[in-house]
Amino acid sequence: MNDDNSRALYDRALSVMPGGVNSAVRAAIEPYPFFVQKGDGGHVIDVDGNRYIDWVMGLGPLLLGHDLPDPVQASIQQKASEGPMYGTPTEIEVDLAEFVVRHVPSVEKIRFVNSGTEATVSAIRLARGYTGRNKILINQGGYHGAQESTLVEGDAENPRPSSAGIPQSFSEHTIPVAFNDEDAVREAFEEHGDDIAAVLTEPILANYGIVHPEDGYHEFLREITDEHGSLLIFDEVITGFRVGGLGCAQTEFGVTPDLTTFGKIIGGGFPVGAIGGRAEIVEQFAPSGPVFQAGTFSGHPVTMAAGLETLQFAAEHNVYDHVDELGDRLRDGLSEIVADQAPEYTVAGTASMYKVIFTRDGKAPKNGADVKNAETDRWRRVFWGQMKEQGIFLSQNQFECQFVSDDHTDEDVDRTLEAYKEAL
Ligand code: PMP
């Protein structure tokens, strides 16, 4: 594969940008990432003219793929041409807020921000402000963006920052426990129950392999948080408007969180985040309440238009049937290939999310540690080498999941399964 132009761009990028990229994971492809020229349906074409079937889809936002349907395109173009933003409210913010409130039963009010990270930062501040408590319980292997309260590793006894630049004292307010481990949560509540502001969890871990909750886990979190007067926050930045359709993963699991963080799909491919939930809690945000929260770009008209039109299109065009069906085909096909060629591996995912995890025993991982123990270094050889060479763009490392879009076709699935067969 010729990649001269990508290499030249990466050289230029390295001299002006740290690691040559604007988000760490993008540099994970060695020796350098390919630079994209443009998207085309379910594919991307790089600056050297190579075409890839794209299962990364912007790391999640592009439910409809790269070819946005006419109403979505038109609405984005119109908002951009009217003068992109104003610093004072517009109708489209209200329209998108009403749409979300109508479709996600736990959301009575919502505030829009500009990234998933900003959503979780604000949700944590809101939970602390509402409860008057300090501590946040999170799951090891969960990801909630590049922020101080959740870039924490270790365990309940010894939490420590997982990044340079974060004071140890910040991470002392965070309690990391294993996903699916009810006893660890019980112990944390026994010890700190009256100072836990919230449990923050992804309904399905989607940034560390894909790890599914065991039956009853989320119900258990709902009960124990209720018992102790803590909030339950679902981080649906990835699962929101993907798993469980327009009702999100929470309706699929039948568990109602107090707060939900959104991102990705809700902005239709433009920078976005949101915090939604019970009115009495969300009302604590300034200016109606004492929890300060603000943003120059929040509720940006172009983003709101892209998000609203994307969700409306999904509601009216059986998008979820299509992407979930292709997701099933991918998972079934991969399961057969893995059973035949590498029975120690595991195929994980649901709806339009999927991932092959290089487990050593063929058992679905229960938590982040199980994924960490997988043969994660195989990723380099199998995927950067073989899959990319066959024109298949998979997420950049073993941990990030992969997504089906409305633009993908049966042929994309067939070609991808053939490539996996070859690579594995
Ligand atoms: N929460 C989850 C569950 C995520 O997957 C991500 C990003 N992958 C974030 C938060 C952070 O979102 P952003 O990258 O938009 O800041």
# chains A, B, ... in the order shown; residues from 1 in each chain; ligands from 1
$ closest_atom_pairs --of "chain A" --to "ligand 1" --cutoff "10 Å" --atoms "only C-alpha atoms and all ligand atoms" --output "CSV"
residue,atom,partner,partner_atom_place_in_ligand_line,distance
A:Ser23,CA,ligand 1,14 (O),8.6
A:Gly58,CA,ligand 1,8 (N),9.9
A:Leu59,CA,ligand 1,8 (N),6.8
A:Gly60,CA,ligand 1,8 (N),7.7
A:Pro61,CA,ligand 1,15 (O),9.2
A:Val113,CA,ligand 1,15 (O),9.9
A:Asn114,CA,ligand 1,15 (O),7.5
A:Ser115,CA,ligand 1,15 (O),3.9
A:Gly116,CA,ligand 1,12 (O),3.2
A:Thr117,CA,ligand 1,16 (O),3.5
A:Glu118,CA,ligand 1,16 (O),6.4
A:Ala119,CA,ligand 1,10 (C),7.6
A:Thr120,CA,ligand 1,10 (C),6.6
A:Val121,CA,ligand 1,10 (C),9.5
A:Gly142,CA,ligand 1,3 (C),7.2
A:Tyr143,CA,ligand 1,2 (C),5.3
A:His144,CA,ligand 1,1 (N),3.7
A:Gly145,CA,ligand 1,11 (C),3.6
A:Ala146,CA,ligand 1,16 (O),6.6
A:Gln147,CA,ligand 1,16 (O),8.7
A:Thr150,CA,ligand 1,10 (C),9.9
A:Thr201,CA,ligand 1,3 (C),8.2
A:Glu202,CA,ligand 1,3 (C),5.8
A:Pro203,CA,ligand 1,3 (C),8.8
A:Ile204,CA,ligand 1,3 (C),8.7
A:Leu205,CA,ligand 1,3 (C),7.5
A:Ala206,CA,ligand 1,5 (O),6.5
A:Asn207,CA,ligand 1,5 (O),5.8
A:Tyr208,CA,ligand 1,5 (O),9.5
A:Phe234,CA,ligand 1,3 (C),8.9
A:Asp235,CA,ligand 1,3 (C),5.4
A:Glu236,CA,ligand 1,3 (C),5.9
A:Val237,CA,ligand 1,3 (C),4.7
A:Ile238,CA,ligand 1,5 (O),5.1
A:Thr239,CA,ligand 1,3 (C),7.7
A:Gly240,CA,ligand 1,3 (C),9.3
A:Thr261,CA,ligand 1,1 (N),7.6
A:Phe262,CA,ligand 1,1 (N),7.8
A:Gly263,CA,ligand 1,15 (O),5.9
A:Lys264,CA,ligand 1,15 (O),6.4
A:Phe270,CA,ligand 1,15 (O),9.8
A:Pro271,CA,ligand 1,15 (O),7.1
A:Val272,CA,ligand 1,15 (O),6.7
A:Gly273,CA,ligand 1,15 (O),6.6
A:Glu400,CA,ligand 1,8 (N),8.0
A:Cys401,CA,ligand 1,5 (O),9.3
$ write_last_selection --atoms "C-alpha atoms" --output "mmCIF file, in the first residue's frame"
data_model
loop_
_atom_site.group_PDB
_atom_site.id
_atom_site.type_symbol
_atom_site.label_atom_id
_atom_site.label_comp_id
_atom_site.auth_asym_id
_atom_site.auth_seq_id
_atom_site.Cartn_x
_atom_site.Cartn_y
_atom_site.Cartn_z
ATOM 1 C CA SER A 23 -5.991 12.963 20.377
ATOM 2 C CA GLY A 58 -15.191 8.628 14.069
ATOM 3 C CA LEU A 59 -14.963 6.443 17.212
ATOM 4 C CA GLY A 60 -18.728 6.376 17.484
ATOM 5 C CA PRO A 61 -20.527 9.567 16.417
ATOM 6 C CA VAL A 113 -21.873 20.886 26.239
ATOM 7 C CA ASN A 114 -19.096 20.257 23.727
ATOM 8 C CA SER A 115 -17.578 16.850 24.439
ATOM 9 C CA GLY A 116 -18.126 13.663 26.368
ATOM 10 C CA THR A 117 -15.358 14.759 28.699
ATOM 11 C CA GLU A 118 -17.103 18.015 29.451
ATOM 12 C CA ALA A 119 -20.314 16.080 30.075
ATOM 13 C CA THR A 120 -18.747 13.818 32.697
ATOM 14 C CA VAL A 121 -16.865 16.709 34.331
ATOM 15 C CA GLY A 142 -14.268 2.313 32.324
ATOM 16 C CA TYR A 143 -13.513 5.517 30.429
ATOM 17 C CA HIS A 144 -15.172 8.852 31.053
ATOM 18 C CA GLY A 145 -12.931 11.179 29.091
ATOM 19 C CA ALA A 146 -9.713 13.029 29.780
ATOM 20 C CA GLN A 147 -10.600 14.477 33.158
ATOM 21 C CA THR A 150 -11.834 9.677 36.445
ATOM 22 C CA THR A 201 -20.558 3.708 35.031
ATOM 23 C CA GLU A 202 -20.808 2.901 31.355
ATOM 24 C CA PRO A 203 -23.821 0.583 30.900
ATOM 25 C CA ILE A 204 -21.486 -1.533 28.742
ATOM 26 C CA LEU A 205 -17.726 -0.973 28.974
ATOM 27 C CA ALA A 206 -16.910 0.132 25.452
ATOM 28 C CA ASN A 207 -13.433 1.607 25.693
ATOM 29 C CA TYR A 208 -11.728 -1.422 27.124
ATOM 30 C CA PHE A 234 -24.907 6.230 33.297
ATOM 31 C CA ASP A 235 -22.202 7.387 30.926
ATOM 32 C CA GLU A 236 -23.944 6.764 27.612
ATOM 33 C CA VAL A 237 -21.467 8.722 25.498
ATOM 34 C CA ILE A 238 -21.019 5.582 23.386
ATOM 35 C CA THR A 239 -24.172 3.551 24.064
ATOM 36 C CA GLY A 240 -26.557 6.530 23.880
ATOM 37 C CA THR A 261 -24.047 11.746 30.082
ATOM 38 C CA PHE A 262 -24.267 11.810 26.304
ATOM 39 C CA GLY A 263 -21.854 12.618 23.485
ATOM 40 C CA LYS A 264 -20.975 11.333 20.022
ATOM 41 C CA PHE A 270 -19.922 17.534 15.446
ATOM 42 C CA PRO A 271 -18.382 18.269 18.875
ATOM 43 C CA VAL A 272 -20.941 17.573 21.575
ATOM 44 C CA GLY A 273 -21.744 16.340 25.037
ATOM 45 C CA GLU A 400 -11.654 0.730 21.593
ATOM 46 C CA CYS A 401 -14.746 -0.881 20.125
#
$ select_by_dssp --residues "region 86-277 of chain A" --states "strand (DSSP E)" --output "VMD selection string"
chain A and resid 109 to 113 135 to 140 152 to 154 159 to 161 174 to 178 196 to 201 231 to 235 259 to 263 273 to 277
$ write_last_selection --atoms "N, CA and C atoms" --output "short mmCIF file (atom, residue, chain, number, x, y, z; two decimals), in the first residue's frame"
data_model
loop_
_atom_site.label_atom_id
_atom_site.label_comp_id
_atom_site.auth_asym_id
_atom_site.auth_seq_id
_atom_site.Cartn_x
_atom_site.Cartn_y
_atom_site.Cartn_z
N LYS A 109 -34.74 17.01 31.96
CA LYS A 109 -34.07 18.24 31.51
C LYS A 109 -32.68 17.88 31.06
N ILE A 110 -32.12 18.72 30.20
CA ILE A 110 -30.80 18.40 29.64
C ILE A 110 -30.00 19.68 29.42
N ARG A 111 -28.69 19.58 29.64
CA ARG A 111 -27.79 20.69 29.28
C ARG A 111 -26.79 20.17 28.25
N PHE A 112 -26.62 20.93 27.18
CA PHE A 112 -25.67 20.54 26.14
C PHE A 112 -24.30 21.19 26.39
N VAL A 113 -23.25 20.40 26.15
CA VAL A 113 -21.87 20.89 26.24
C VAL A 113 -21.15 20.44 24.97
N LYS A 135 -17.21 11.92 47.07
CA LYS A 135 -16.60 10.77 46.38
C LYS A 135 -17.43 10.28 45.19
N ILE A 136 -16.69 9.73 44.21
CA ILE A 136 -17.31 9.16 43.02
C ILE A 136 -16.79 7.73 42.88
N LEU A 137 -17.70 6.79 42.72
CA LEU A 137 -17.29 5.40 42.50
C LEU A 137 -17.32 5.13 40.99
N ILE A 138 -16.20 4.62 40.47
CA ILE A 138 -16.13 4.31 39.02
C ILE A 138 -15.65 2.87 38.84
N ASN A 139 -15.66 2.40 37.58
CA ASN A 139 -15.20 1.04 37.30
C ASN A 139 -13.82 1.04 36.67
N GLN A 140 -12.97 0.16 37.17
CA GLN A 140 -11.67 -0.03 36.52
C GLN A 140 -11.91 -0.46 35.07
N VAL A 152 -8.15 7.75 36.94
CA VAL A 152 -7.71 7.20 38.23
C VAL A 152 -7.56 5.70 38.07
N GLU A 153 -6.44 5.16 38.56
CA GLU A 153 -6.26 3.71 38.53
C GLU A 153 -6.03 3.21 39.94
N GLY A 154 -5.68 1.93 40.09
CA GLY A 154 -5.53 1.36 41.42
C GLY A 154 -6.87 0.81 41.88
N PRO A 159 -6.35 4.51 45.34
CA PRO A 159 -6.57 5.16 44.05
C PRO A 159 -5.41 6.10 43.74
N ARG A 160 -5.01 6.14 42.49
CA ARG A 160 -3.94 7.07 42.12
C ARG A 160 -4.16 7.56 40.70
N PRO A 161 -3.63 8.75 40.40
CA PRO A 161 -3.85 9.30 39.06
C PRO A 161 -3.25 8.38 38.00
N THR A 174 -11.90 9.53 44.41
CA THR A 174 -12.43 8.57 43.44
C THR A 174 -12.20 7.15 43.93
N ILE A 175 -13.21 6.29 43.78
CA ILE A 175 -13.11 4.91 44.24
C ILE A 175 -13.24 3.99 43.02
N PRO A 176 -12.10 3.44 42.52
CA PRO A 176 -12.20 2.53 41.38
C PRO A 176 -12.43 1.10 41.84
N VAL A 177 -13.46 0.45 41.30
CA VAL A 177 -13.71 -0.96 41.62
C VAL A 177 -13.92 -1.72 40.31
N ALA A 178 -13.78 -3.06 40.39
CA ALA A 178 -13.95 -3.88 39.18
C ALA A 178 -15.41 -3.84 38.72
N ILE A 196 -20.39 9.18 49.32
CA ILE A 196 -20.38 8.86 47.89
C ILE A 196 -21.48 9.67 47.19
N ALA A 197 -21.05 10.62 46.37
CA ALA A 197 -22.01 11.45 45.65
C ALA A 197 -22.68 10.65 44.54
N ALA A 198 -21.89 9.80 43.86
CA ALA A 198 -22.46 9.08 42.72
C ALA A 198 -21.65 7.85 42.36
N VAL A 199 -22.34 6.89 41.76
CA VAL A 199 -21.69 5.81 41.03
C VAL A 199 -21.79 6.20 39.56
N LEU A 200 -20.64 6.24 38.90
CA LEU A 200 -20.59 6.60 37.48
C LEU A 200 -20.11 5.38 36.70
N THR A 201 -20.95 4.90 35.79
CA THR A 201 -20.56 3.71 35.03
C THR A 201 -21.04 3.78 33.59
N LEU A 231 -26.25 9.21 43.80
CA LEU A 231 -26.84 9.22 42.46
C LEU A 231 -26.24 8.10 41.62
N LEU A 232 -27.03 7.61 40.68
CA LEU A 232 -26.51 6.67 39.67
C LEU A 232 -26.41 7.44 38.35
N ILE A 233 -25.18 7.50 37.84
CA ILE A 233 -24.96 8.19 36.56
C ILE A 233 -24.55 7.16 35.51
N PHE A 234 -25.31 7.06 34.44
CA PHE A 234 -24.91 6.23 33.30
C PHE A 234 -24.17 7.12 32.31
N ASP A 235 -22.94 6.70 31.98
CA ASP A 235 -22.20 7.39 30.93
C ASP A 235 -22.56 6.71 29.60
N LEU A 259 -28.86 10.51 36.44
CA LEU A 259 -28.26 11.37 35.42
C LEU A 259 -27.68 10.51 34.31
N THR A 260 -27.63 11.07 33.11
CA THR A 260 -27.00 10.38 31.98
C THR A 260 -26.09 11.37 31.28
N THR A 261 -24.89 10.92 30.93
CA THR A 261 -24.05 11.75 30.08
C THR A 261 -24.12 11.21 28.66
N PHE A 262 -24.21 12.14 27.72
CA PHE A 262 -24.27 11.81 26.30
C PHE A 262 -23.09 12.47 25.58
N GLY A 263 -22.86 12.01 24.36
CA GLY A 263 -21.85 12.62 23.48
C GLY A 263 -22.04 12.00 22.11
N GLY A 273 -21.54 17.13 23.84
CA GLY A 273 -21.74 16.34 25.04
C GLY A 273 -23.04 16.83 25.63
N ALA A 274 -23.59 16.10 26.60
CA ALA A 274 -24.81 16.57 27.26
C ALA A 274 -24.96 15.84 28.59
N ILE A 275 -25.65 16.52 29.50
CA ILE A 275 -25.97 15.92 30.80
C ILE A 275 -27.47 16.03 30.95
N GLY A 276 -28.13 14.86 31.06
CA GLY A 276 -29.58 14.87 31.21
C GLY A 276 -29.98 14.11 32.45
N GLY A 277 -31.21 14.34 32.92
CA GLY A 277 -31.66 13.58 34.09
C GLY A 277 -32.87 14.18 34.75
#
$ closest_residue --among "A:Arg12, A:Lys372, A:Lys366, A:Arg331" --to "His212 (chain A)" --atoms "only C-alpha atoms"
A:Lys366
$ closest_atom_pairs --of "region 273-371 of chain A" --to "region 180-189 of chain A" --cutoff "12 Å" --atoms "only C-alpha atoms" --output "CSV"
residue,atom,partner,partner_atom,distance
A:Pro365,CA,A:Asn180,CA,10.3
A:Lys366,CA,A:Asn180,CA,6.6
A:Asn367,CA,A:Asn180,CA,6.6
A:Gly368,CA,A:Asn180,CA,9.8
A:Ala369,CA,A:Asn180,CA,11.4
A:Asp370,CA,A:Asn180,CA,11.6
$ select_by_dssp --residues "region 34-167 of chain A" --states "alpha helix (DSSP H)" --output "PDB file with C-alpha atoms, in the first residue's frame"
ATOM      1  CA  ASP A  70     -30.215  15.173   2.449  1.00  0.00           C
ATOM      2  CA  PRO A  71     -32.196  16.565   5.395  1.00  0.00           C
ATOM      3  CA  VAL A  72     -29.169  16.271   7.663  1.00  0.00           C
ATOM      4  CA  GLN A  73     -26.843  17.875   5.110  1.00  0.00           C
ATOM      5  CA  ALA A  74     -29.285  20.650   4.325  1.00  0.00           C
ATOM      6  CA  SER A  75     -29.870  21.549   7.936  1.00  0.00           C
ATOM      7  CA  ILE A  76     -26.124  21.658   8.715  1.00  0.00           C
ATOM      8  CA  GLN A  77     -25.411  23.804   5.653  1.00  0.00           C
ATOM      9  CA  GLN A  78     -28.198  26.184   6.489  1.00  0.00           C
ATOM     10  CA  LYS A  79     -27.097  26.707  10.077  1.00  0.00           C
ATOM     11  CA  ALA A  80     -23.488  27.220   9.000  1.00  0.00           C
ATOM     12  CA  SER A  81     -24.483  29.714   6.322  1.00  0.00           C
ATOM     13  CA  GLU A  91     -34.651  27.417  18.607  1.00  0.00           C
ATOM     14  CA  ILE A  92     -32.741  24.332  17.488  1.00  0.00           C
ATOM     15  CA  GLU A  93     -31.357  23.821  21.024  1.00  0.00           C
ATOM     16  CA  VAL A  94     -34.899  23.596  22.336  1.00  0.00           C
ATOM     17  CA  ASP A  95     -35.871  21.233  19.506  1.00  0.00           C
ATOM     18  CA  LEU A  96     -33.056  18.787  20.286  1.00  0.00           C
ATOM     19  CA  ALA A  97     -33.666  19.015  24.046  1.00  0.00           C
ATOM     20  CA  GLU A  98     -37.362  18.227  23.490  1.00  0.00           C
ATOM     21  CA  PHE A  99     -36.478  15.302  21.242  1.00  0.00           C
ATOM     22  CA  VAL A 100     -34.201  13.765  23.882  1.00  0.00           C
ATOM     23  CA  VAL A 101     -36.707  14.359  26.692  1.00  0.00           C
ATOM     24  CA  ARG A 102     -39.402  12.694  24.573  1.00  0.00           C
ATOM     25  CA  HIS A 103     -37.340   9.577  23.856  1.00  0.00           C
ATOM     26  CA  GLY A 116     -18.126  13.663  26.368  1.00  0.00           C
ATOM     27  CA  THR A 117     -15.358  14.759  28.699  1.00  0.00           C
ATOM     28  CA  GLU A 118     -17.103  18.015  29.451  1.00  0.00           C
ATOM     29  CA  ALA A 119     -20.314  16.080  30.075  1.00  0.00           C
ATOM     30  CA  THR A 120     -18.747  13.818  32.697  1.00  0.00           C
ATOM     31  CA  VAL A 121     -16.865  16.709  34.331  1.00  0.00           C
ATOM     32  CA  SER A 122     -20.123  18.615  34.662  1.00  0.00           C
ATOM     33  CA  ALA A 123     -22.149  15.568  35.747  1.00  0.00           C
ATOM     34  CA  ILE A 124     -19.692  14.863  38.551  1.00  0.00           C
ATOM     35  CA  ARG A 125     -19.753  18.492  39.685  1.00  0.00           C
ATOM     36  CA  LEU A 126     -23.550  18.382  39.569  1.00  0.00           C
ATOM     37  CA  ALA A 127     -23.700  15.152  41.602  1.00  0.00           C
ATOM     38  CA  ARG A 128     -21.347  16.614  44.194  1.00  0.00           C
ATOM     39  CA  GLY A 129     -23.268  19.874  44.316  1.00  0.00           C
ATOM     40  CA  TYR A 130     -26.640  18.150  44.604  1.00  0.00           C
ATOM     41  CA  THR A 131     -25.634  15.662  47.298  1.00  0.00           C
TER      42      THR A 131
END
$ residues_around --residues "Gly42 (chain A)" --least-positions-apart "5" --cutoff "12 Å" --atoms "only C-alpha atoms" --output "list of chain:residue names"
A:Arg51, A:Tyr52, A:Ile53, A:Asp54, A:Trp55, A:Val56, A:Met57, A:Gly58, A:Leu62, A:Leu63, A:Leu64, A:Gly65, A:His66, A:Asp67, A:Leu68, A:Val323, A:Ile392, A:Phe393, A:Phe403, A:Val404, A:Ser405, A:Asp406, A:Asp407, A:His408, A:Thr409, A:Asp410, A:Glu411, A:Asp412, A:Val413
$ closest_residue --among "A:Asp332, A:Asp321, A:Gly209, A:Glu108" --to "Gln396 (chain A)" --atoms "only C-alpha atoms"
A:Gly209
$ closest_residue --among "A:Ala364, A:His218, A:Gly268, A:Leu417" --to "Thr303 (chain A)" --atoms "only C-alpha atoms"
A:Gly268
$ closest_residue --among "A:Gly244, A:Met387, A:Pro89, A:Glu309" --to "Arg415 (chain A)" --atoms "only C-alpha atoms"
A:Met387
$ atom_distance --atom1 "CA of Phe34 (chain A)" --atom2 "CA of Ser6 (chain A)"
5.3 Å
$ residues_around --residues "Gly193 (chain A)" --least-positions-apart "5" --cutoff "9 Å" --atoms "only C-alpha atoms" --output "ChimeraX atom specification"
/A:188,225,228-230
$ closest_residue --among "A:Gly132, A:Gly39, A:Pro105, A:Gly141" --to "Thr256 (chain A)" --atoms "only C-alpha atoms"
A:Pro105
$ atom_distance --atom1 "CA of Val16 (chain A)" --atom2 "CA of Ile29 (chain A)"
19.0 Å
$ residues_around --residues "Gly307 (chain A)" --least-positions-apart "5" --cutoff "7 Å" --atoms "only C-alpha atoms" --output "mmCIF file with N, CA and C atoms, in the first residue's frame"
data_model
loop_
_atom_site.group_PDB
_atom_site.id
_atom_site.type_symbol
_atom_site.label_atom_id
_atom_site.label_comp_id
_atom_site.auth_asym_id
_atom_site.auth_seq_id
_atom_site.Cartn_x
_atom_site.Cartn_y
_atom_site.Cartn_z
ATOM 1 N N ILE A 265 -23.114 10.440 19.122
ATOM 2 C CA ILE A 265 -24.230 10.442 18.153
ATOM 3 C C ILE A 265 -25.165 11.631 18.350
ATOM 4 N N ILE A 266 -25.315 12.092 19.576
ATOM 5 C CA ILE A 266 -26.281 13.162 19.842
ATOM 6 C C ILE A 266 -25.878 14.470 19.140
ATOM 7 N N GLY A 267 -24.628 14.544 18.668
ATOM 8 C CA GLY A 267 -24.184 15.719 17.907
ATOM 9 C C GLY A 267 -23.991 15.427 16.428
ATOM 10 N N GLY A 268 -24.388 14.239 15.982
ATOM 11 C CA GLY A 268 -24.380 13.931 14.545
ATOM 12 C C GLY A 268 -23.029 14.140 13.859
#
$ decode --residues "region 114-170 of chain A" --atoms "C-alpha atoms" --output "short mmCIF file (atom, residue, chain, number, x, y, z; two decimals), in the first residue's frame"
data_model
loop_
_atom_site.label_atom_id
_atom_site.label_comp_id
_atom_site.auth_asym_id
_atom_site.auth_seq_id
_atom_site.Cartn_x
_atom_site.Cartn_y
_atom_site.Cartn_z
CA ASN A 114 -19.10 20.26 23.73
CA SER A 115 -17.58 16.85 24.44
CA GLY A 116 -18.13 13.66 26.37
CA THR A 117 -15.36 14.76 28.70
CA GLU A 118 -17.10 18.02 29.45
CA ALA A 119 -20.31 16.08 30.07
CA THR A 120 -18.75 13.82 32.70
CA VAL A 121 -16.86 16.71 34.33
CA SER A 122 -20.12 18.62 34.66
CA ALA A 123 -22.15 15.57 35.75
CA ILE A 124 -19.69 14.86 38.55
CA ARG A 125 -19.75 18.49 39.69
CA LEU A 126 -23.55 18.38 39.57
CA ALA A 127 -23.70 15.15 41.60
CA ARG A 128 -21.35 16.61 44.19
CA GLY A 129 -23.27 19.87 44.32
CA TYR A 130 -26.64 18.15 44.60
CA THR A 131 -25.63 15.66 47.30
CA GLY A 132 -23.08 17.79 49.16
CA ARG A 133 -20.74 14.78 49.03
CA ASN A 134 -17.25 14.30 47.58
CA LYS A 135 -16.60 10.77 46.38
CA ILE A 136 -17.31 9.16 43.02
CA LEU A 137 -17.29 5.40 42.50
CA ILE A 138 -16.13 4.31 39.02
CA ASN A 139 -15.20 1.04 37.30
CA GLN A 140 -11.67 -0.03 36.52
CA GLY A 141 -11.42 -0.16 32.74
CA GLY A 142 -14.27 2.31 32.32
CA TYR A 143 -13.51 5.52 30.43
CA HIS A 144 -15.17 8.85 31.05
CA GLY A 145 -12.93 11.18 29.09
CA ALA A 146 -9.71 13.03 29.78
CA GLN A 147 -10.60 14.48 33.16
CA GLU A 148 -9.13 14.65 36.67
CA SER A 149 -11.80 12.78 38.64
CA THR A 150 -11.83 9.68 36.44
CA LEU A 151 -8.25 9.33 35.18
CA VAL A 152 -7.71 7.20 38.23
CA GLU A 153 -6.26 3.71 38.53
CA GLY A 154 -5.53 1.36 41.42
CA ASP A 155 -8.31 0.21 43.70
CA ALA A 156 -10.63 1.44 46.45
CA GLU A 157 -7.81 1.45 49.01
CA ASN A 158 -5.15 2.94 46.76
CA PRO A 159 -6.57 5.16 44.05
CA ARG A 160 -3.94 7.07 42.12
CA PRO A 161 -3.85 9.30 39.06
CA SER A 162 -3.43 7.40 35.79
CA SER A 163 -1.86 10.44 34.12
CA ALA A 164 0.94 12.80 34.96
CA GLY A 165 -0.29 16.23 35.94
CA ILE A 166 -3.04 15.19 38.35
CA PRO A 167 -2.40 15.73 42.07
CA GLN A 168 -2.71 12.57 44.18
CA SER A 169 -5.15 14.45 46.39
CA PHE A 170 -7.63 14.73 43.50
#
